[in-house]
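Following: one structure in structure tokens, then a few remarks.
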Amino acid sequence: MSRSVASALSRQLAGSRQLLRKAPQLQHSHKIATRRAIATGASSVAQQRPESPAPVPPVVPPPAVENPGVSPVYSPSPRRVPLIKDAKPFSDFLTDNFNRQHDYLRISLTEKCNLRCMYCMPEEGVPLSPDQTQLTTPEVYLLASVFVAQGVTKIRLTGGEPTVRKDIIDLVRQIGSLRKNGLKEICITTNGVSLHRKLDSMVEAGLTGINLSLDTMDPFQFQLLTRRSGFEAVKRSIKKILEMNKAGAGIKFKINCVVMRGINDREILDFVNMTEDEEVEVRFIEYMPFDGNKWSEGKMVSFKEMLRRIREEHPSLEKVQDHPNDTSKTFRVPGFAGKVGFITSMTHNFCGTCNRLRVTSDGNLKVCLFGNAEVSLRDIIRKSNGGEPIDAAAFQAMRQAAIEAGPGLSASLELPPNEQELLDVIGMAVKRKKEKHAGIGELEHMKNRPMILIEPSTTTSTPHHLASAYCPSSVVAPMKSATTTRMLEFSSSFRTDSLPSVRLMSTTRILREDDGTKKPGASKLTHVSDTGSAHMVAVSDKDLTKRVATAVCSVRFTSDIALRLIRDNQMKKGDVLGVARVAGIMASKRTPDLIPLCHPIAISHVSVEVEPSSSGGNKIDVVATVTCDGKTGVEMEALTAASMAALTVYDMCKAVDKGMVVEGLKVILKEGGKSGRWADGQWKGDGQ
């Protein structure tokens, strides 16, 4: 470099430093100054509202030094220098002690779900919390406003299943109005069953991203996993998202798949191949432990194992650059339109870059998905309404009060009156966040909400802290915490005295010796695999033999009125005994449609006897016998026939006897197969 060029560069840099020292400070509006003062813990704001803030001019490069061997040198604009020099730090309330800045908020909108995933909740559902404990739409909006004012740029709506909430479209629209305050993304996590009906309106309201939870592409496996039909509806939702994106909607679309060994791990490659033609990111999630989901390390398929399986089929699989705060490790197959990601919470946690906070549907703040510490924001925000839920009318009254308060006060149309108290509690909660969550060997023994009460990622989404078998059984009171900074506590205790514990699913274990080996003759559930997952018993290797089973039950009446009318054929609905027989026969043939793990069987004969009891008393006895030539027994067909016949009697007689009882359903005879003949509680053959 020549001396003349060096001298020119030196003079130019010196001039830039002088401009930096002398450049005037730009004043910000009173509102922005107040927000930043709160964010940095300042006690007062001395700045005044300018009449008209001067616009910031674009950077204009100065003339380059006339020397072809030297790159041009640019001088920063004197009007932009103060903005860079005096830029305020990220909100202290949302920054933890490990300097992690939390600009991503997940809000659960409901405990309800239209599926019953076997690893998430029982088939009959769960006791729901009272409506008044759940956040209202205005409360969700006010909390979102507080977080956005502090620097949150992304909000994800979860559940339960958020699309079952009736006001979901209006809620997305209200949260979308916060874009003017810095919000950039509004996303949703859904199972997709109802999404296709609301998608157009939600995108129009401001929705920018969709994570769709789908654990299988097999319609039969879907019904087994979710205990509900709905696979076709999910397919319609996926198709609609892809069509809208091809039309230019620009929706960030991801499919989340929780991989469970022995259940859906064989479909990993099917999901990968989905990305060949479609612009979608499929993310495989390591199976994680939550209260009631019967997690075990044996069920979990690790990131490394999944990656190895995919590379066996696609050896060219390559890594894609991740964003610093991404939860997934992203890959792609060269030439494929989409991507593949792995969420490795169990084997390779991403705690060091975590930027997420969660608000549950009952208004509790969770700073870590795996943490059991929660603090109530709902109780604080409701102080401004006398402790009552803030409905639309109360919210409108608050807005009117803010208008009447005048511009000179800190009241706002978007923020709750006690915003500072909320921020104090949020700040203390964030500061208590640990550097990382526990690992395998510890997580499964820690108390935590069931997944449905946090969000459906997977799991998709049970009220309060419940536990037993695959899902909760005891309702637990919500965690309470003080609403002032001096009294703030993080409770990890759980009350289980509000309702008795109910076992929802069998917890039978294989009996083992101390060294882990199976005890001789130990009992085992035939439809549960060694890893604890449900599966259909294989019968292909069994011999074809004659199978017979007989089941019985009774319908006991409270008086002789119903029985007398039945004998006289005087029931308004017709011949009770004849209709019950036909119902039992029809039901036996539909057994595999009613009971998921039963094999379809070619039944050769069904006999259903429905008669007044020969032993006297006011009751009807039902005897059902089913016969077939097959590889598996027909006990379930006999039980189904007997129970349906009895239920038909109940239905036809309930108008004259509402106190009758169906009782004594049991198998009294089982014949065929290796087990031999079983009757009256005793084995008669060689098999037992």
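Here's how to read the names in the structure tokens: chain A, B, ... by the order shown, residue numbers from 1 in each chain, ligand numbers from 1 in the order shown.
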>> Using only C-alpha atoms, which protein or nucleic acid residues come within 6 Å of Glu671 of chain A? Drop anything in the same chain fewer than 3 positions from it, and give the result as JSON, numbers by chain.
In response: {"A": [547, 548, 676, 677]}
Any chance you can output those residues with N, CA, C and O atoms as a short mmCIF file (atom, residue, chain, number, x, y, z; two decimals), in the first residue's frame?
data_model
loop_
_atom_site.label_atom_id
_atom_site.label_comp_id
_atom_site.auth_asym_id
_atom_site.auth_seq_id
_atom_site.Cartn_x
_atom_site.Cartn_y
_atom_site.Cartn_z
N ARG A 547 -62.36 -74.06 17.73
CA ARG A 547 -62.37 -73.20 18.92
C ARG A 547 -63.80 -72.94 19.36
O ARG A 547 -64.67 -72.64 18.53
N VAL A 548 -64.04 -73.05 20.65
CA VAL A 548 -65.36 -72.80 21.22
C VAL A 548 -65.21 -71.96 22.48
O VAL A 548 -64.26 -72.16 23.26
N GLY A 676 -56.00 -76.51 25.64
CA GLY A 676 -56.98 -77.53 25.95
C GLY A 676 -58.32 -76.95 26.33
O GLY A 676 -58.73 -75.91 25.81
N ARG A 677 -59.00 -77.59 27.27
CA ARG A 677 -60.35 -77.19 27.65
C ARG A 677 -60.35 -76.57 29.03
O ARG A 677 -59.80 -77.12 29.98
#
Discussion item. If we count only C-alpha atoms and set the cut-off at 6 Å, which residues sit around Ala624 of chain A, ignoring sequence neighbours fewer than 6 positions away in its own chain? Please answer as an NGL selection string.
Written reply: :A and (550-551 or 607-608 or 638 or 642)
From the set A:Leu594, A:Cys113, A:Ala562, A:Met644, which residue has the shortest atom-to-atom contact distance to Gly159 of chain A, counting only C-alpha atoms?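 Smallest separation from Gly159 of chain A among the options: A:Cys113.
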Contacts of Gln134 of chain A at 8 Å (only C-alpha atoms; same-chain gap of 5+ positions) as number ranges by chain: A: 110, 129, 361-363
How would the residues just chosen look if you wrote them out with all heavy atoms as a CSV table (one decimal), in the first residue's frame?
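That gives us out12.csv:
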chain,number,residue,atom,x,y,z
A,110,THR,N,-55.5,-24.7,25.7
A,110,THR,CA,-56.6,-25.6,26.2
A,110,THR,C,-56.0,-26.9,26.7
A,110,THR,O,-54.9,-27.3,26.2
A,110,THR,CB,-57.6,-25.9,25.1
A,110,THR,OG1,-58.6,-26.7,25.6
A,110,THR,CG2,-57.0,-26.5,23.9
A,129,SER,N,-60.2,-29.3,34.0
A,129,SER,CA,-60.2,-28.2,35.0
A,129,SER,C,-61.4,-27.4,34.8
A,129,SER,O,-61.9,-27.2,33.6
A,129,SER,CB,-58.9,-27.4,34.9
A,129,SER,OG,-57.8,-28.2,35.1
A,361,SER,N,-52.1,-23.6,30.0
A,361,SER,CA,-53.5,-23.1,29.7
A,361,SER,C,-54.1,-22.6,31.0
A,361,SER,O,-55.1,-21.8,30.9
A,361,SER,CB,-54.4,-24.3,29.2
A,361,SER,OG,-54.5,-25.3,30.1
A,362,ASP,N,-53.6,-23.0,32.2
A,362,ASP,CA,-54.1,-22.4,33.4
A,362,ASP,C,-53.3,-21.2,33.9
A,362,ASP,O,-53.4,-20.8,35.0
A,362,ASP,CB,-54.3,-23.4,34.5
A,362,ASP,CG,-53.0,-24.2,34.7
A,362,ASP,OD1,-52.0,-23.9,34.0
A,362,ASP,OD2,-52.9,-25.1,35.6
A,363,GLY,N,-52.4,-20.7,33.0
A,363,GLY,CA,-51.7,-19.5,33.3
A,363,GLY,C,-50.4,-19.6,34.1
A,363,GLY,O,-49.9,-18.6,34.6
| Mind checking DSSP for segment 72-207 of chain A and telling me the strand (DSSP E) residues as a list in words? |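 The residues of segment 72-207 of chain A classed as strand (DSSP E) are Tyr104, Leu105, Arg106, Ile107, Ser108, Lys154, Ile155, Arg156, Leu157, Thr158, Glu185, Ile186, Cys187, Ile188, Thr189 and Thr190 of chain A.
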Those same residues, written as a CSV table (one decimal), in the first residue's frame with N, CA, C and O atoms?
chain,number,residue,atom,x,y,z
A,104,TYR,N,-38.8,-16.4,22.6
A,104,TYR,CA,-39.7,-17.3,22.0
A,104,TYR,C,-40.7,-17.8,23.1
A,104,TYR,O,-40.2,-18.4,24.1
A,105,LEU,N,-42.0,-17.6,22.9
A,105,LEU,CA,-43.0,-17.9,24.0
A,105,LEU,C,-44.0,-18.9,23.4
A,105,LEU,O,-44.5,-18.7,22.3
A,106,ARG,N,-44.2,-20.0,24.1
A,106,ARG,CA,-45.2,-21.0,23.8
A,106,ARG,C,-46.4,-20.9,24.7
A,106,ARG,O,-46.2,-20.9,26.0
A,107,ILE,N,-47.6,-20.7,24.2
A,107,ILE,CA,-48.8,-20.5,25.0
A,107,ILE,C,-49.7,-21.7,24.8
A,107,ILE,O,-50.2,-21.9,23.6
A,108,SER,N,-50.1,-22.4,25.8
A,108,SER,CA,-51.0,-23.5,25.7
A,108,SER,C,-52.4,-22.9,25.8
A,108,SER,O,-52.7,-22.2,26.8
A,154,LYS,N,-41.4,-14.4,18.7
A,154,LYS,CA,-42.1,-15.5,18.2
A,154,LYS,C,-43.0,-16.1,19.2
A,154,LYS,O,-42.6,-16.3,20.4
A,155,ILE,N,-44.2,-16.4,18.9
A,155,ILE,CA,-45.2,-17.0,19.8
A,155,ILE,C,-45.8,-18.2,19.1
A,155,ILE,O,-46.2,-18.2,17.9
A,156,ARG,N,-45.8,-19.3,19.8
A,156,ARG,CA,-46.4,-20.5,19.3
A,156,ARG,C,-47.6,-20.9,20.2
A,156,ARG,O,-47.5,-21.0,21.4
A,157,LEU,N,-48.7,-21.2,19.5
A,157,LEU,CA,-49.9,-21.6,20.2
A,157,LEU,C,-50.0,-23.1,20.2
A,157,LEU,O,-50.0,-23.7,19.2
A,158,THR,N,-50.2,-23.7,21.4
A,158,THR,CA,-50.2,-25.1,21.6
A,158,THR,C,-51.5,-25.5,22.4
A,158,THR,O,-52.4,-24.8,22.6
A,185,GLU,N,-43.3,-13.8,14.3
A,185,GLU,CA,-43.8,-15.1,13.9
A,185,GLU,C,-45.0,-15.5,14.8
A,185,GLU,O,-44.9,-15.4,16.1
A,186,ILE,N,-46.1,-16.0,14.3
A,186,ILE,CA,-47.2,-16.6,15.0
A,186,ILE,C,-47.4,-18.0,14.5
A,186,ILE,O,-47.7,-18.2,13.3
A,187,CYS,N,-47.1,-19.0,15.3
A,187,CYS,CA,-47.1,-20.4,14.9
A,187,CYS,C,-48.1,-21.2,15.7
A,187,CYS,O,-48.6,-20.7,16.7
A,188,ILE,N,-48.4,-22.4,15.2
A,188,ILE,CA,-49.3,-23.3,15.9
A,188,ILE,C,-48.8,-24.7,15.9
A,188,ILE,O,-48.2,-25.1,14.9
A,189,THR,N,-49.0,-25.5,17.0
A,189,THR,CA,-48.7,-26.9,17.0
A,189,THR,C,-50.0,-27.6,17.1
A,189,THR,O,-50.8,-27.4,18.0
A,190,THR,N,-50.3,-28.5,16.1
A,190,THR,CA,-51.6,-29.1,16.0
A,190,THR,C,-51.5,-30.6,15.6
A,190,THR,O,-50.5,-31.0,15.0
Pairwise distance, atom CA of Pro219 of chain A with atom CA of Val234 of chain A, equals 10.4 Å
